[in-house]
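Asks: Below is the structure I would like to discuss, written out as structure tokens.
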Amino acid sequence: MTRARFAPSPTGYLHIGSARTFIFNWLYVRKHQGTMVLRIDDTDVDRNTEASLNSIYDGLDWLGLSWDEFYRQSERLELHRKVAFDLLDKGLAYRDFRPASADIEDKPHGDGPWLCNPDMRALSKEESERRAAAGEPFVIRYRVRREPAYEINFADEVYGPQTKLTADIEDFALLRSNGMPTYHLASCADDIDLHISHVIRGQDHLSNTFKHILIFEGAGAPLPRFAHLPLLIAPDGSKLSKRKHGPVVSVTTYRDNGFLALAYINFLCLLGWSPKDNREQMSLYELTHAFSFESVHRSNAVVNFSDEDPIDPKALWLNSQHLRTLPVSTLAPVVRKSLAEHGLTPYGDEAFFEHVVDTIRTRFSTLIDFSTKGRAYFSDDYPIEPQALEKLNASGARELLHELADRIASHPDFTETSVEADLRKLAEQRGVKAGVLINASRAALTGQPVGPSAFAVFTCIGRERVIQRLRMV
RNA sequence: GGCGCUAUCGUCUAACGGUUAGGACGGAGCCCUCUCAAGGCUUAAAUAGGGGUUCGAUUCCCCUUAGCGCUACCA
């Protein structure tokens, strides 16, 4: 049974790389009819914030990908401690009584890594028990076997065979002196207890995996499969950091810029993975079925943002593709919600609204466009852009528009065809080019110099408003 | 410093050891056209460097370089 987990730590908003990790976990689980576990890794009490947790929920909620089980590590501390003390009892771990500050001073980074505090590692069981009983604070470290050193091996689903010598692994901490588990301990203890079958996470954990294997083995638990994902990096090759790159790395940036969750998911999937058949725009269904670890890359992928534009151009393109190909009935509610957030309420019934959405979406690339460029379709209060004004100022244009309004008012039909007939006839009678009248109409009706076919615009604005707006210019 | 991972157009990527190194975004141009998009067509743009192995290397091996990760009582 496939069981995977997404384990964010609430120390900032949901980051674009975390979101992709979640998506890949989700795709894999859904493809294999497994169980998706959301686990909040909140053992670092000093850095966790409630705001961050909410922001993570916000991001996940927007993505719309579900999970089946939910846990918080902070509610499972007894389990973590038990695993640490079991390791201690088995002699696979030991107490280190040196204060944390002393470690920092002593760790030489000149040649070779710091491996352990030899005197602490050598402490007798009795001495260790005695000092602990006396209330002296300690950290529990894993006793990595180095004499003789041996190789730890595992086959990563993405990166292939991995090997590391125990001589290169330090005695990492399991339990902090304040009694809280470290990431390594909590993560493994929970993965064991929750029967996680696949650990799918960022490549930054590739070398930590050896430590995790030590914990799994020490606890006598079977190893999950490991799949590490290449990292998402900034255009300058640096790691995406919340501090350095700001909100660019938050998923909410895309949401707030009018992205469809599906388009964003699609975009993220194409970073570090490809279906190998030149497909770009894909549905969730297609992504789920195409996904496999073999097709995940091993090199990091750049998110192509800049100071001027936080949005990757390819993401924008994908968004416009989805925007114009999604079934209108699926898109309409999303647009309605976006409009509401901008204080706009569509005219008419659902069928009319869908007609409008279907017509104008072909020119838009984000949901925001509906309430900006598309404002005139949903409100009588819209600005006339300078270039639109020029079209209205064409000689005789206003007078012709007034006349057109009268003709439309007296015409029994109001369809693209009937309006086109009225307009072309008028243009012909007055000896002006139809284009002049067409462009002036669009300008008057929408306040914009550009947009859909003018006759489609008429039907989207509606007869009464068309007459009103043409007379008002 | 130690250990590990990675390296194809500006970016995302494709290519059983044999291709004119393909596609997409973005750029340039043309067509279409009531405007703007879309769409169609065309175009510029890449195998980090050096050694091997091989009849033949983007592909396999080694070195160099560069980037990234781990090297915390962060995750």
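Residues are named by chain letter and number: chains run A, B, ... in the order of the structure tokens, numbers start at 1 in each chain, and ligands are numbered from 1 in the order shown.
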For the helix (DSSP H, G or I) assignment from backbone DSSP, which residues of range 321-455 of chain A qualify? Please present them as a PyMOL selection string.

Replies: chain A and resi 321-325+328-341+350-363+368-371+375-377+386-392+397-410+416-430+434-446+454-455

Asks: Please dump the current selection as a PDB file, in the first residue's frame; keep C-alpha atoms.

Replies:
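result26.pdb, written as the output of this step:
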```pdb
ATOM      1  CA  GLN A 321      -3.949  28.146 -22.283  1.00  0.00           C
ATOM      2  CA  HIS A 322      -5.956  26.648 -19.464  1.00  0.00           C
ATOM      3  CA  LEU A 323      -8.085  29.754 -19.218  1.00  0.00           C
ATOM      4  CA  ARG A 324      -9.268  29.370 -22.766  1.00  0.00           C
ATOM      5  CA  THR A 325      -9.639  25.601 -22.889  1.00  0.00           C
ATOM      6  CA  VAL A 328     -16.828  27.218 -19.426  1.00  0.00           C
ATOM      7  CA  SER A 329     -19.006  25.668 -16.773  1.00  0.00           C
ATOM      8  CA  THR A 330     -15.857  24.912 -14.759  1.00  0.00           C
ATOM      9  CA  LEU A 331     -14.299  28.292 -15.325  1.00  0.00           C
ATOM     10  CA  ALA A 332     -17.377  30.456 -14.734  1.00  0.00           C
ATOM     11  CA  PRO A 333     -17.605  29.933 -10.945  1.00  0.00           C
ATOM     12  CA  VAL A 334     -13.909  30.676 -10.589  1.00  0.00           C
ATOM     13  CA  VAL A 335     -14.295  33.901 -12.548  1.00  0.00           C
ATOM     14  CA  ARG A 336     -17.386  34.813 -10.546  1.00  0.00           C
ATOM     15  CA  LYS A 337     -15.432  34.410  -7.344  1.00  0.00           C
ATOM     16  CA  SER A 338     -12.570  36.500  -8.636  1.00  0.00           C
ATOM     17  CA  LEU A 339     -14.971  39.234  -9.742  1.00  0.00           C
ATOM     18  CA  ALA A 340     -16.616  39.234  -6.327  1.00  0.00           C
ATOM     19  CA  GLU A 341     -13.230  39.733  -4.717  1.00  0.00           C
ATOM     20  CA  GLU A 350     -25.704  31.996 -15.479  1.00  0.00           C
ATOM     21  CA  ALA A 351     -26.101  31.225 -19.188  1.00  0.00           C
ATOM     22  CA  PHE A 352     -25.461  34.858 -20.074  1.00  0.00           C
ATOM     23  CA  PHE A 353     -22.496  34.996 -17.730  1.00  0.00           C
ATOM     24  CA  GLU A 354     -20.993  31.907 -19.301  1.00  0.00           C
ATOM     25  CA  HIS A 355     -21.482  33.425 -22.733  1.00  0.00           C
ATOM     26  CA  VAL A 356     -19.601  36.538 -21.641  1.00  0.00           C
ATOM     27  CA  VAL A 357     -16.814  34.548 -20.003  1.00  0.00           C
ATOM     28  CA  ASP A 358     -16.473  32.317 -23.014  1.00  0.00           C
ATOM     29  CA  THR A 359     -16.200  35.303 -25.323  1.00  0.00           C
ATOM     30  CA  ILE A 360     -13.695  37.398 -23.449  1.00  0.00           C
ATOM     31  CA  ARG A 361     -11.476  34.691 -21.986  1.00  0.00           C
ATOM     32  CA  THR A 362      -9.749  34.205 -25.319  1.00  0.00           C
ATOM     33  CA  ARG A 363      -8.032  37.588 -24.882  1.00  0.00           C
ATOM     34  CA  ILE A 368      -7.395  39.447 -12.793  1.00  0.00           C
ATOM     35  CA  ASP A 369      -7.950  40.474 -16.409  1.00  0.00           C
ATOM     36  CA  PHE A 370     -11.674  39.849 -16.012  1.00  0.00           C
ATOM     37  CA  SER A 371     -12.013  42.656 -13.505  1.00  0.00           C
ATOM     38  CA  ARG A 375     -14.500  45.531 -16.238  1.00  0.00           C
ATOM     39  CA  ALA A 376     -17.025  46.999 -18.670  1.00  0.00           C
ATOM     40  CA  TYR A 377     -18.672  43.596 -19.041  1.00  0.00           C
ATOM     41  CA  PRO A 386      -6.793  57.059 -24.101  1.00  0.00           C
ATOM     42  CA  GLN A 387      -6.488  54.907 -27.222  1.00  0.00           C
ATOM     43  CA  ALA A 388     -10.174  54.068 -27.033  1.00  0.00           C
ATOM     44  CA  LEU A 389     -10.930  57.759 -26.791  1.00  0.00           C
ATOM     45  CA  GLU A 390      -9.052  58.347 -30.028  1.00  0.00           C
ATOM     46  CA  LYS A 391     -11.370  55.929 -31.798  1.00  0.00           C
ATOM     47  CA  LEU A 392     -14.376  57.726 -30.362  1.00  0.00           C
ATOM     48  CA  ALA A 397     -17.959  58.708 -34.848  1.00  0.00           C
ATOM     49  CA  ARG A 398     -20.114  59.862 -31.939  1.00  0.00           C
ATOM     50  CA  GLU A 399     -22.982  60.928 -34.132  1.00  0.00           C
ATOM     51  CA  LEU A 400     -22.859  57.581 -35.927  1.00  0.00           C
ATOM     52  CA  LEU A 401     -22.904  55.711 -32.643  1.00  0.00           C
ATOM     53  CA  HIS A 402     -26.009  57.631 -31.553  1.00  0.00           C
ATOM     54  CA  GLU A 403     -27.647  56.716 -34.807  1.00  0.00           C
ATOM     55  CA  LEU A 404     -26.571  53.101 -34.379  1.00  0.00           C
ATOM     56  CA  ALA A 405     -28.161  53.071 -30.939  1.00  0.00           C
ATOM     57  CA  ASP A 406     -31.437  54.216 -32.435  1.00  0.00           C
ATOM     58  CA  ARG A 407     -31.345  51.566 -35.116  1.00  0.00           C
ATOM     59  CA  ILE A 408     -30.572  48.809 -32.634  1.00  0.00           C
ATOM     60  CA  ALA A 409     -33.375  50.081 -30.425  1.00  0.00           C
ATOM     61  CA  SER A 410     -35.860  49.871 -33.242  1.00  0.00           C
ATOM     62  CA  GLU A 416     -24.418  39.331 -33.574  1.00  0.00           C
ATOM     63  CA  THR A 417     -25.918  39.031 -37.025  1.00  0.00           C
ATOM     64  CA  SER A 418     -28.583  41.650 -36.595  1.00  0.00           C
ATOM     65  CA  VAL A 419     -26.179  44.126 -35.044  1.00  0.00           C
ATOM     66  CA  GLU A 420     -23.632  43.548 -37.779  1.00  0.00           C
ATOM     67  CA  ALA A 421     -26.331  44.137 -40.397  1.00  0.00           C
ATOM     68  CA  ASP A 422     -27.439  47.367 -38.706  1.00  0.00           C
ATOM     69  CA  LEU A 423     -23.896  48.616 -38.386  1.00  0.00           C
ATOM     70  CA  ARG A 424     -22.722  47.783 -41.880  1.00  0.00           C
ATOM     71  CA  LYS A 425     -25.830  49.257 -43.395  1.00  0.00           C
ATOM     72  CA  LEU A 426     -25.353  52.471 -41.452  1.00  0.00           C
ATOM     73  CA  ALA A 427     -21.711  52.687 -42.456  1.00  0.00           C
ATOM     74  CA  GLU A 428     -22.577  52.148 -46.064  1.00  0.00           C
ATOM     75  CA  GLN A 429     -25.341  54.768 -46.019  1.00  0.00           C
ATOM     76  CA  ARG A 430     -23.024  57.356 -44.475  1.00  0.00           C
ATOM     77  CA  ALA A 434     -17.274  49.830 -41.309  1.00  0.00           C
ATOM     78  CA  GLY A 435     -14.006  49.511 -39.393  1.00  0.00           C
ATOM     79  CA  VAL A 436     -14.313  53.018 -38.035  1.00  0.00           C
ATOM     80  CA  LEU A 437     -17.729  52.319 -36.623  1.00  0.00           C
ATOM     81  CA  ILE A 438     -16.717  48.905 -35.387  1.00  0.00           C
ATOM     82  CA  ASN A 439     -13.731  50.207 -33.478  1.00  0.00           C
ATOM     83  CA  ALA A 440     -15.667  53.159 -32.118  1.00  0.00           C
ATOM     84  CA  SER A 441     -18.365  50.783 -30.905  1.00  0.00           C
ATOM     85  CA  ARG A 442     -15.901  48.630 -29.060  1.00  0.00           C
ATOM     86  CA  ALA A 443     -14.339  51.701 -27.535  1.00  0.00           C
ATOM     87  CA  ALA A 444     -17.703  53.039 -26.404  1.00  0.00           C
ATOM     88  CA  LEU A 445     -18.981  49.749 -25.067  1.00  0.00           C
ATOM     89  CA  THR A 446     -15.866  48.589 -23.252  1.00  0.00           C
ATOM     90  CA  ALA A 454     -16.981  43.888 -31.833  1.00  0.00           C
ATOM     91  CA  PHE A 455     -20.224  42.132 -32.683  1.00  0.00           C
TER      92      PHE A 455
END
```

Asks: With a cut-off of 7 Å and counting only C-alpha atoms (C1' of nucleotides), select all residues of chain B in contact with chain A and give the selection as a VMD selection string.

Replies: chain B and resid 1 to 4 6 11 to 12 14 23 25 34 to 38 67 69 to 71 73 75

Asks: Grab the residues selected above and save them as an mmCIF file, in the first residue's frame with C-alpha atoms (C1' of nucleotides).

Replies:
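File again-v5.cif, as written:
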```cif
data_model
loop_
_atom_site.group_PDB
_atom_site.id
_atom_site.type_symbol
_atom_site.label_atom_id
_atom_site.label_comp_id
_atom_site.auth_asym_id
_atom_site.auth_seq_id
_atom_site.Cartn_x
_atom_site.Cartn_y
_atom_site.Cartn_z
ATOM 1 C "C1'" G B 1 38.062 21.983 4.447
ATOM 2 C "C1'" G B 2 35.197 16.952 4.250
ATOM 3 C "C1'" C B 3 31.230 14.172 1.927
ATOM 4 C "C1'" G B 4 27.554 14.057 -1.785
ATOM 5 C "C1'" U B 6 24.314 18.179 -10.837
ATOM 6 C "C1'" U B 11 14.441 29.730 -19.392
ATOM 7 C "C1'" C B 12 11.689 24.784 -19.077
ATOM 8 C "C1'" A B 14 13.604 15.918 -25.828
ATOM 9 C "C1'" G B 23 9.636 20.784 -28.809
ATOM 10 C "C1'" C B 25 8.093 29.791 -23.346
ATOM 11 C "C1'" C B 34 -13.001 45.288 -37.487
ATOM 12 C "C1'" U B 35 -8.870 46.126 -32.995
ATOM 13 C "C1'" C B 36 -6.078 43.070 -29.750
ATOM 14 C "C1'" A B 37 -5.149 38.309 -28.690
ATOM 15 C "C1'" A B 38 -5.372 33.431 -30.487
ATOM 16 C "C1'" G B 67 26.540 25.569 -9.325
ATOM 17 C "C1'" G B 69 23.143 20.354 -0.952
ATOM 18 C "C1'" C B 70 24.722 18.242 3.796
ATOM 19 C "C1'" U B 71 28.553 19.068 7.275
ATOM 20 C "C1'" C B 73 20.548 20.787 20.218
ATOM 21 C "C1'" A B 75 13.987 21.744 8.765
#
```

Asks: So that I can check the surroundings of Phe70 in chain A, please list as a list in words every protein, DNA and RNA residue that reaches within 12 Å of it, counting only C-alpha atoms (C1' of nucleotides) and ignoring chain neighbours fewer than 4 positions away.

Replies: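 Contacts, in chain order: Ala4, Arg5, Phe6, Ala7, Pro8, Thr35, Met36, Val37, Leu38, Arg39, Ile40, Asp41, Ser66, Glu75, Asp190 and Leu194 of chain A.
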
Asks: Write to file, as a PDB file, in the first residue's frame, the residues of the selection just made, with N, CA and C atoms.

Replies:
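Wrote it out as part29.pdb, contents follow:
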```
ATOM      1  N   ALA A   4       2.350   8.111   1.284  1.00  0.00           N
ATOM      2  CA  ALA A   4       3.360   9.155   1.189  1.00  0.00           C
ATOM      3  C   ALA A   4       2.925  10.308   2.073  1.00  0.00           C
ATOM      4  N   ARG A   5       3.890  11.122   2.446  1.00  0.00           N
ATOM      5  CA  ARG A   5       3.528  12.258   3.293  1.00  0.00           C
ATOM      6  C   ARG A   5       4.150  13.530   2.775  1.00  0.00           C
ATOM      7  N   PHE A   6       3.451  14.631   3.036  1.00  0.00           N
ATOM      8  CA  PHE A   6       4.014  15.946   2.788  1.00  0.00           C
ATOM      9  C   PHE A   6       4.158  16.555   4.169  1.00  0.00           C
ATOM     10  N   ALA A   7       5.383  16.995   4.490  1.00  0.00           N
ATOM     11  CA  ALA A   7       5.653  17.428   5.854  1.00  0.00           C
ATOM     12  C   ALA A   7       6.262  18.822   5.918  1.00  0.00           C
ATOM     13  N   PRO A   8       5.448  19.845   5.731  1.00  0.00           N
ATOM     14  CA  PRO A   8       5.987  21.211   5.792  1.00  0.00           C
ATOM     15  C   PRO A   8       6.211  21.637   7.236  1.00  0.00           C
ATOM     16  N   THR A  35      -2.383   6.522  -0.036  1.00  0.00           N
ATOM     17  CA  THR A  35      -2.883   7.425   0.992  1.00  0.00           C
ATOM     18  C   THR A  35      -1.950   8.621   1.123  1.00  0.00           C
ATOM     19  N   MET A  36      -2.533   9.807   1.077  1.00  0.00           N
ATOM     20  CA  MET A  36      -1.743  11.032   1.207  1.00  0.00           C
ATOM     21  C   MET A  36      -1.840  11.529   2.645  1.00  0.00           C
ATOM     22  N   VAL A  37      -0.685  11.659   3.259  1.00  0.00           N
ATOM     23  CA  VAL A  37      -0.647  12.122   4.643  1.00  0.00           C
ATOM     24  C   VAL A  37      -0.097  13.544   4.676  1.00  0.00           C
ATOM     25  N   LEU A  38      -0.788  14.432   5.373  1.00  0.00           N
ATOM     26  CA  LEU A  38      -0.248  15.771   5.603  1.00  0.00           C
ATOM     27  C   LEU A  38       0.222  15.789   7.052  1.00  0.00           C
ATOM     28  N   ARG A  39       1.492  16.069   7.221  1.00  0.00           N
ATOM     29  CA  ARG A  39       2.040  16.086   8.569  1.00  0.00           C
ATOM     30  C   ARG A  39       2.746  17.416   8.775  1.00  0.00           C
ATOM     31  N   ILE A  40       2.354  18.122   9.807  1.00  0.00           N
ATOM     32  CA  ILE A  40       2.995  19.401  10.081  1.00  0.00           C
ATOM     33  C   ILE A  40       4.212  19.138  10.963  1.00  0.00           C
ATOM     34  N   ASP A  41       5.382  19.447  10.428  1.00  0.00           N
ATOM     35  CA  ASP A  41       6.621  19.233  11.166  1.00  0.00           C
ATOM     36  C   ASP A  41       6.929  20.457  12.022  1.00  0.00           C
ATOM     37  N   SER A  66      -6.322  17.231  -2.304  1.00  0.00           N
ATOM     38  CA  SER A  66      -6.737  16.739  -0.989  1.00  0.00           C
ATOM     39  C   SER A  66      -5.703  15.838  -0.326  1.00  0.00           C
ATOM     40  N   GLU A  75       2.094  17.003  18.523  1.00  0.00           N
ATOM     41  CA  GLU A  75       1.165  16.193  19.316  1.00  0.00           C
ATOM     42  C   GLU A  75       1.654  14.750  19.452  1.00  0.00           C
ATOM     43  N   ASP A 190       8.017   9.280  12.997  1.00  0.00           N
ATOM     44  CA  ASP A 190       6.672   9.375  12.438  1.00  0.00           C
ATOM     45  C   ASP A 190       6.523   8.572  11.155  1.00  0.00           C
ATOM     46  N   LEU A 194       3.708   5.885  11.051  1.00  0.00           N
ATOM     47  CA  LEU A 194       2.613   6.095  10.092  1.00  0.00           C
ATOM     48  C   LEU A 194       2.729   5.163   8.888  1.00  0.00           C
TER      49      LEU A 194
END
```

Asks: May I ask which of the residues A:Phe24, A:Val144, A:Thr366, A:Gly462 is the closest one to Asp413 in chain A, counting only C-alpha atoms?

Replies: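 The closest residue to Asp413 in chain A is A:Gly462.
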
Asks: With only C-alpha atoms (C1' of nucleotides) as the counted atoms, please give the residues lying no more than 12 Å from C30 in chain B, apart from itself and same-chain residues fewer than 4 positions off, as a list in words.

Replies: G40, C41, U42 and U43 of chain B

Asks: Would you pick out the contacts of G27 in chain B at 10 Å or less, using only C-alpha atoms (C1' of nucleotides), so that residues sharing its chain but fewer than 3 positions from it are not included, and give the list as a ChimeraX atom specification?

Replies: /B:10,44-45

Asks: Convert the current residue selection to file output with C-alpha atoms (C1' of nucleotides), as an mmCIF file, in the first residue's frame.

Replies:
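Dumped everything to selection04.cif:
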```
data_model
loop_
_atom_site.group_PDB
_atom_site.id
_atom_site.type_symbol
_atom_site.label_atom_id
_atom_site.label_comp_id
_atom_site.auth_asym_id
_atom_site.auth_seq_id
_atom_site.Cartn_x
_atom_site.Cartn_y
_atom_site.Cartn_z
ATOM 1 C "C1'" G B 10 18.202 33.207 -22.168
ATOM 2 C "C1'" A B 44 17.905 33.601 -34.400
ATOM 3 C "C1'" A B 45 19.446 30.697 -30.139
#
```

Asks: With distances taken over only C-alpha atoms (C1' of nucleotides), which of B:G18, B:C68, B:G39, B:A28 is nearest to C55 in chain B?

Replies: B:G18

Asks: Name all residues at most 10 Å from range 291-293 of chain A (count only C-alpha atoms (C1' of nucleotides); drop same-chain ones fewer than 2 positions away) and give them as a list in words.

Replies: Phe24, Leu27, Tyr28, Lys31, Asp156, Glu157, Val158, Tyr159, Ile200, Ala227, His228, Leu229, Cys269, Trp273, Ser274, Pro275, Glu286, Leu287, Thr288, His289, Ser295, Val296 and His297 of chain A

Asks: Write the selection just made, keeping N, CA and C atoms, as a short mmCIF file (atom, residue, chain, number, x, y, z; two decimals), in the first residue's frame?

Replies:
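Heads up, here's the output in part.cif:
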```cif
data_model
loop_
_atom_site.label_atom_id
_atom_site.label_comp_id
_atom_site.auth_asym_id
_atom_site.auth_seq_id
_atom_site.Cartn_x
_atom_site.Cartn_y
_atom_site.Cartn_z
N PHE A 24 4.03 16.54 -6.31
CA PHE A 24 4.61 15.28 -6.78
C PHE A 24 4.20 14.12 -5.88
N LEU A 27 0.58 13.39 -6.83
CA LEU A 27 0.44 12.69 -8.11
C LEU A 27 0.80 11.22 -7.96
N TYR A 28 1.89 10.98 -7.25
CA TYR A 28 2.34 9.60 -7.08
C TYR A 28 1.31 8.78 -6.31
N LYS A 31 -1.88 8.25 -8.35
CA LYS A 31 -1.65 7.31 -9.43
C LYS A 31 -1.69 5.88 -8.92
N ASP A 156 18.01 5.40 -4.56
CA ASP A 156 17.03 6.47 -4.65
C ASP A 156 16.22 6.27 -5.92
N GLU A 157 14.91 6.51 -5.83
CA GLU A 157 14.04 6.31 -6.99
C GLU A 157 14.38 7.26 -8.12
N VAL A 158 14.95 8.40 -7.78
CA VAL A 158 15.30 9.39 -8.81
C VAL A 158 16.80 9.40 -9.08
N TYR A 159 17.60 9.44 -8.01
CA TYR A 159 19.03 9.61 -8.17
C TYR A 159 19.82 8.31 -8.29
N ILE A 200 9.06 11.18 -0.33
CA ILE A 200 9.30 11.97 -1.54
C ILE A 200 9.55 13.40 -1.08
N ALA A 227 12.60 8.97 -2.65
CA ALA A 227 12.64 9.63 -3.95
C ALA A 227 12.94 11.10 -3.70
N HIS A 228 14.10 11.54 -4.17
CA HIS A 228 14.46 12.94 -3.97
C HIS A 228 14.24 13.73 -5.23
N LEU A 229 13.79 14.94 -5.03
CA LEU A 229 13.40 15.80 -6.15
C LEU A 229 14.43 16.92 -6.34
N CYS A 269 4.85 21.24 -12.29
CA CYS A 269 5.19 19.87 -12.68
C CYS A 269 6.25 19.86 -13.77
N TRP A 273 10.55 17.86 -14.15
CA TRP A 273 9.90 16.64 -14.62
C TRP A 273 9.35 16.93 -16.01
N SER A 274 9.26 15.93 -16.85
CA SER A 274 8.59 16.14 -18.12
C SER A 274 8.00 14.81 -18.56
N PRO A 275 6.89 14.87 -19.30
CA PRO A 275 6.25 13.63 -19.75
C PRO A 275 7.00 13.00 -20.92
N GLU A 286 -4.15 13.83 -16.68
CA GLU A 286 -3.01 13.48 -17.52
C GLU A 286 -1.71 13.50 -16.71
N LEU A 287 -1.58 14.51 -15.85
CA LEU A 287 -0.38 14.61 -15.03
C LEU A 287 -0.24 13.40 -14.12
N THR A 288 -1.36 13.03 -13.51
CA THR A 288 -1.35 11.89 -12.60
C THR A 288 -0.89 10.63 -13.30
N HIS A 289 -1.39 10.41 -14.49
CA HIS A 289 -1.05 9.17 -15.18
C HIS A 289 0.33 9.19 -15.80
N SER A 295 11.01 9.68 -14.73
CA SER A 295 11.03 10.87 -15.59
C SER A 295 11.30 12.15 -14.82
N VAL A 296 11.65 12.01 -13.55
CA VAL A 296 12.04 13.19 -12.78
C VAL A 296 13.52 13.44 -13.04
N HIS A 297 13.89 14.70 -13.21
CA HIS A 297 15.28 15.03 -13.50
C HIS A 297 16.14 15.01 -12.25
#
```

Asks: Compile the contact shell of His80 in chain A as a list in words: residues with an atom at most 7 Å away, counting only C-alpha atoms (C1' of nucleotides), same-chain residues fewer than 6 positions apart removed.

Replies: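 Surrounding residues, per the criterion: Pro181, Leu185, Ala186 and Ala189 of chain A.
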
Asks: Could you please determine the separation between CA of Phe154 in chain A and CA of Leu240 in chain A in Å, to one decimal place?

Replies: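 Between CA of Phe154 in chain A and CA of Leu240 in chain A the gap is 28.1 Å.
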
Asks: With distances taken over only C-alpha atoms, which of A:Glu78, A:Ser379, A:Tyr254, A:Glu126 is nearest to Ile461 in chain A?

Replies: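 Nearest to Ile461 in chain A: A:Ser379.
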
Asks: I need the residues in range 16-209 of chain A that are strand (DSSP E) according to DSSP; give them as JSON, numbers by chain.

Replies: {"A": [35, 36, 37, 38, 39, 40, 69, 70, 71, 72, 93, 94, 95, 96, 139, 140, 141, 142, 151, 152, 153, 154, 155, 156, 160, 161, 162, 163, 164, 165, 173, 174, 175, 198, 199, 200, 201, 202]}

Asks: Measure the distance from CA of Ala263 in chain A to CA of Pro247 in chain A in Å and round it to one decimal.

Replies: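 Separating CA of Ala263 in chain A from CA of Pro247 in chain A is a distance of 18.9 Å.
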
Asks: Could you check how far CA of Phe378 in chain A sits from CA of Gly258 in chain A, in Å to one decimal?

Replies: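 According to the coordinates, CA of Phe378 in chain A and CA of Gly258 in chain A are separated by 17.2 Å.
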